[in-house]
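Each remark here refers to the structure printed beneath this line.
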Amino acid sequence: QVQLVESGGGLVQTGGSLRLSCTASGISFSVNDMDWYRQAPVKRELVATMTRDGRGAPADSVKGRFTVSRDNAKNTVYLQMNSLRPEDSAVYYCSVPPRANKPRYWGQGTQVTVSS
């Protein structure tokens, strides 16, 4: 059974930082890309992808502020979020993209709220 458990969300002021973590089980973590999405009331957005070969690809909306990384020894992917803005407020989810006839998997999400 695949499980993705996010942590690290919370309430932070504009300009602050948070680091989200997502620990996976039930998958061969090192051979999978990992995605971070966020869900605001009106839209879902891909925030960043961490490829299995270690390349991080943040979305244009967060480039220069967010950094994605992974630790295969800990089956964990991270999202370092700096210079946070109120529009970054959302529920953040980690996700395993579909691969080898397997579906996309999702974590339960962690709330990030940035106050102005």
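Ordering of the structure tokens sets the chain letters (A, B, ...); residue numbers start at 1 within each chain; ligands are numbered from 1 in the order shown.
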Residues within 8 Å of segment 62-74 of chain A, only C-alpha atoms, excluding chain neighbours under 4 positions, as a PyMOL selection string
chain A and resi 23+29-30+47-50+54+56-58+78-84
Can you list, as a list in words, every residue of chain A that DSSP puts in helix (DSSP H, G or I)?
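Answer for chain A, restricted to helix (DSSP H, G or I): Phe29, Ser30, Val31, Asn72, Ala73, Lys74, Pro86, Glu87 and Asp88 of chain A.
Omitting Arg85 of chain A and its sequence neighbours fewer than 5 positions away, and counting only C-alpha atoms, the residues within 12 Å are Leu11, Val12, Gln13, Thr14, Gly15, Gly16, Ser17, Leu18, Ser61, Val62, Arg65, Phe66, Ala90, Val112, Thr113, Val114, Ser115 and Ser116 of chain A.
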Restricted to all heavy atoms, what would the selected residues look like written as a short mmCIF file (atom, residue, chain, number, x, y, z; two decimals), in the first residue's frame?
```cif
data_model
loop_
_atom_site.label_atom_id
_atom_site.label_comp_id
_atom_site.auth_asym_id
_atom_site.auth_seq_id
_atom_site.Cartn_x
_atom_site.Cartn_y
_atom_site.Cartn_z
N LEU A 11 1.33 28.32 9.67
CA LEU A 11 1.03 29.74 9.47
C LEU A 11 2.34 30.52 9.54
O LEU A 11 3.11 30.36 10.50
CB LEU A 11 0.07 30.22 10.55
CG LEU A 11 -0.25 31.72 10.58
CD1 LEU A 11 -0.95 32.15 9.31
CD2 LEU A 11 -1.09 32.04 11.80
N VAL A 12 2.57 31.36 8.56
CA VAL A 12 3.80 32.14 8.51
C VAL A 12 3.47 33.52 7.95
O VAL A 12 2.49 33.68 7.21
CB VAL A 12 4.86 31.42 7.64
CG1 VAL A 12 4.43 31.32 6.19
CG2 VAL A 12 6.22 32.06 7.76
N GLN A 13 4.25 34.50 8.32
CA GLN A 13 4.05 35.84 7.80
C GLN A 13 4.67 36.00 6.41
O GLN A 13 5.56 35.23 6.03
CB GLN A 13 4.67 36.87 8.75
CG GLN A 13 3.94 36.98 10.08
CD GLN A 13 4.50 38.10 10.94
OE1 GLN A 13 5.68 38.45 10.86
NE2 GLN A 13 3.65 38.68 11.79
N THR A 14 4.19 36.99 5.69
CA THR A 14 4.77 37.31 4.38
C THR A 14 6.28 37.49 4.50
O THR A 14 6.76 38.16 5.41
CB THR A 14 4.12 38.59 3.82
OG1 THR A 14 2.74 38.35 3.58
CG2 THR A 14 4.78 38.98 2.50
N GLY A 15 6.99 36.86 3.57
CA GLY A 15 8.44 36.91 3.60
C GLY A 15 9.10 35.78 4.36
O GLY A 15 10.32 35.62 4.30
N GLY A 16 8.30 35.02 5.07
CA GLY A 16 8.84 33.92 5.87
C GLY A 16 9.13 32.68 5.04
O GLY A 16 8.97 32.67 3.82
N SER A 17 9.56 31.64 5.75
CA SER A 17 9.96 30.39 5.10
C SER A 17 9.33 29.20 5.80
O SER A 17 9.04 29.24 7.00
CB SER A 17 11.48 30.23 5.15
OG SER A 17 12.14 31.25 4.43
N LEU A 18 9.13 28.17 5.03
CA LEU A 18 8.70 26.87 5.54
C LEU A 18 9.38 25.80 4.73
O LEU A 18 9.70 26.00 3.55
CB LEU A 18 7.19 26.69 5.43
CG LEU A 18 6.27 27.45 6.38
CD1 LEU A 18 4.81 27.26 5.96
CD2 LEU A 18 6.46 27.00 7.82
N SER A 61 5.95 30.22 -11.36
CA SER A 61 5.36 31.06 -10.32
C SER A 61 6.14 31.04 -9.01
O SER A 61 5.98 31.93 -8.18
CB SER A 61 3.91 30.64 -10.06
OG SER A 61 3.87 29.29 -9.63
N VAL A 62 7.00 30.03 -8.83
CA VAL A 62 7.75 29.92 -7.57
C VAL A 62 9.25 29.89 -7.79
O VAL A 62 10.02 29.78 -6.83
CB VAL A 62 7.31 28.68 -6.76
CG1 VAL A 62 5.81 28.73 -6.48
CG2 VAL A 62 7.70 27.39 -7.47
N ARG A 65 12.23 31.17 -5.49
CA ARG A 65 11.78 31.21 -4.09
C ARG A 65 11.67 29.82 -3.50
O ARG A 65 11.94 29.62 -2.31
CB ARG A 65 10.42 31.92 -4.00
CG ARG A 65 10.42 33.34 -4.49
CD ARG A 65 9.10 34.03 -4.21
NE ARG A 65 7.96 33.39 -4.88
CZ ARG A 65 6.89 32.91 -4.25
NH1 ARG A 65 6.80 32.99 -2.93
NH2 ARG A 65 5.90 32.38 -4.95
N PHE A 66 11.25 28.85 -4.29
CA PHE A 66 11.05 27.47 -3.82
C PHE A 66 12.13 26.58 -4.40
O PHE A 66 12.50 26.71 -5.58
CB PHE A 66 9.69 26.93 -4.25
CG PHE A 66 8.49 27.55 -3.60
CD1 PHE A 66 8.58 28.72 -2.85
CD2 PHE A 66 7.24 26.96 -3.74
CE1 PHE A 66 7.46 29.29 -2.25
CE2 PHE A 66 6.11 27.50 -3.15
CZ PHE A 66 6.22 28.67 -2.42
N ALA A 90 -2.25 27.69 0.47
CA ALA A 90 -2.93 26.57 -0.18
C ALA A 90 -2.69 25.32 0.64
O ALA A 90 -1.90 25.33 1.59
CB ALA A 90 -2.39 26.37 -1.60
N VAL A 112 -0.69 25.37 4.19
CA VAL A 112 0.23 26.49 4.31
C VAL A 112 -0.59 27.77 4.23
O VAL A 112 -1.34 27.97 3.27
CB VAL A 112 1.30 26.47 3.20
CG1 VAL A 112 2.10 27.77 3.19
CG2 VAL A 112 2.21 25.27 3.36
N THR A 113 -0.45 28.61 5.23
CA THR A 113 -1.16 29.89 5.25
C THR A 113 -0.14 31.00 5.46
O THR A 113 0.62 30.96 6.42
CB THR A 113 -2.21 29.93 6.37
OG1 THR A 113 -3.13 28.84 6.19
CG2 THR A 113 -2.98 31.24 6.33
N VAL A 114 -0.16 31.95 4.55
CA VAL A 114 0.77 33.08 4.63
C VAL A 114 -0.06 34.34 4.91
O VAL A 114 -0.91 34.72 4.12
CB VAL A 114 1.56 33.25 3.32
CG1 VAL A 114 2.59 34.36 3.47
CG2 VAL A 114 2.23 31.95 2.92
N SER A 115 0.22 34.94 6.03
CA SER A 115 -0.53 36.14 6.43
C SER A 115 0.17 37.39 5.91
O SER A 115 1.39 37.45 5.83
CB SER A 115 -0.67 36.20 7.95
OG SER A 115 0.61 36.33 8.55
N SER A 116 -0.66 38.38 5.58
CA SER A 116 -0.10 39.63 5.05
C SER A 116 0.19 40.62 6.16
O SER A 116 -0.15 40.40 7.31
CB SER A 116 -1.07 40.24 4.05
OG SER A 116 -2.33 40.44 4.65
#
```
Closest of A:Gln108, A:Tyr93, A:Lys102, A:Leu4 to Arg44 of chain A - atom-to-atom distances counting only C-alpha atoms:
A:Tyr93
Taking the chain letters and numbering used in this document, name the residues of chain A that DSSP puts in strand (DSSP E or B), as a PyMOL selection string.
chain A and resi 3-7+10-13+18-25+34-39+44-50+56-58+66-71+76-81+90-96+99+102+105-106+110-115
From the list A:Tyr92, A:Pro98, A:Trp106, A:Ala40, which residue is nearest Gly8 of chain A when using only C-alpha atoms?
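Closest candidate: A:Tyr92.
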How far is it from atom CA of Gln3 of chain A to atom CA of Gln39 of chain A, in Å with one decimal?
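The value is 19.3 Å.
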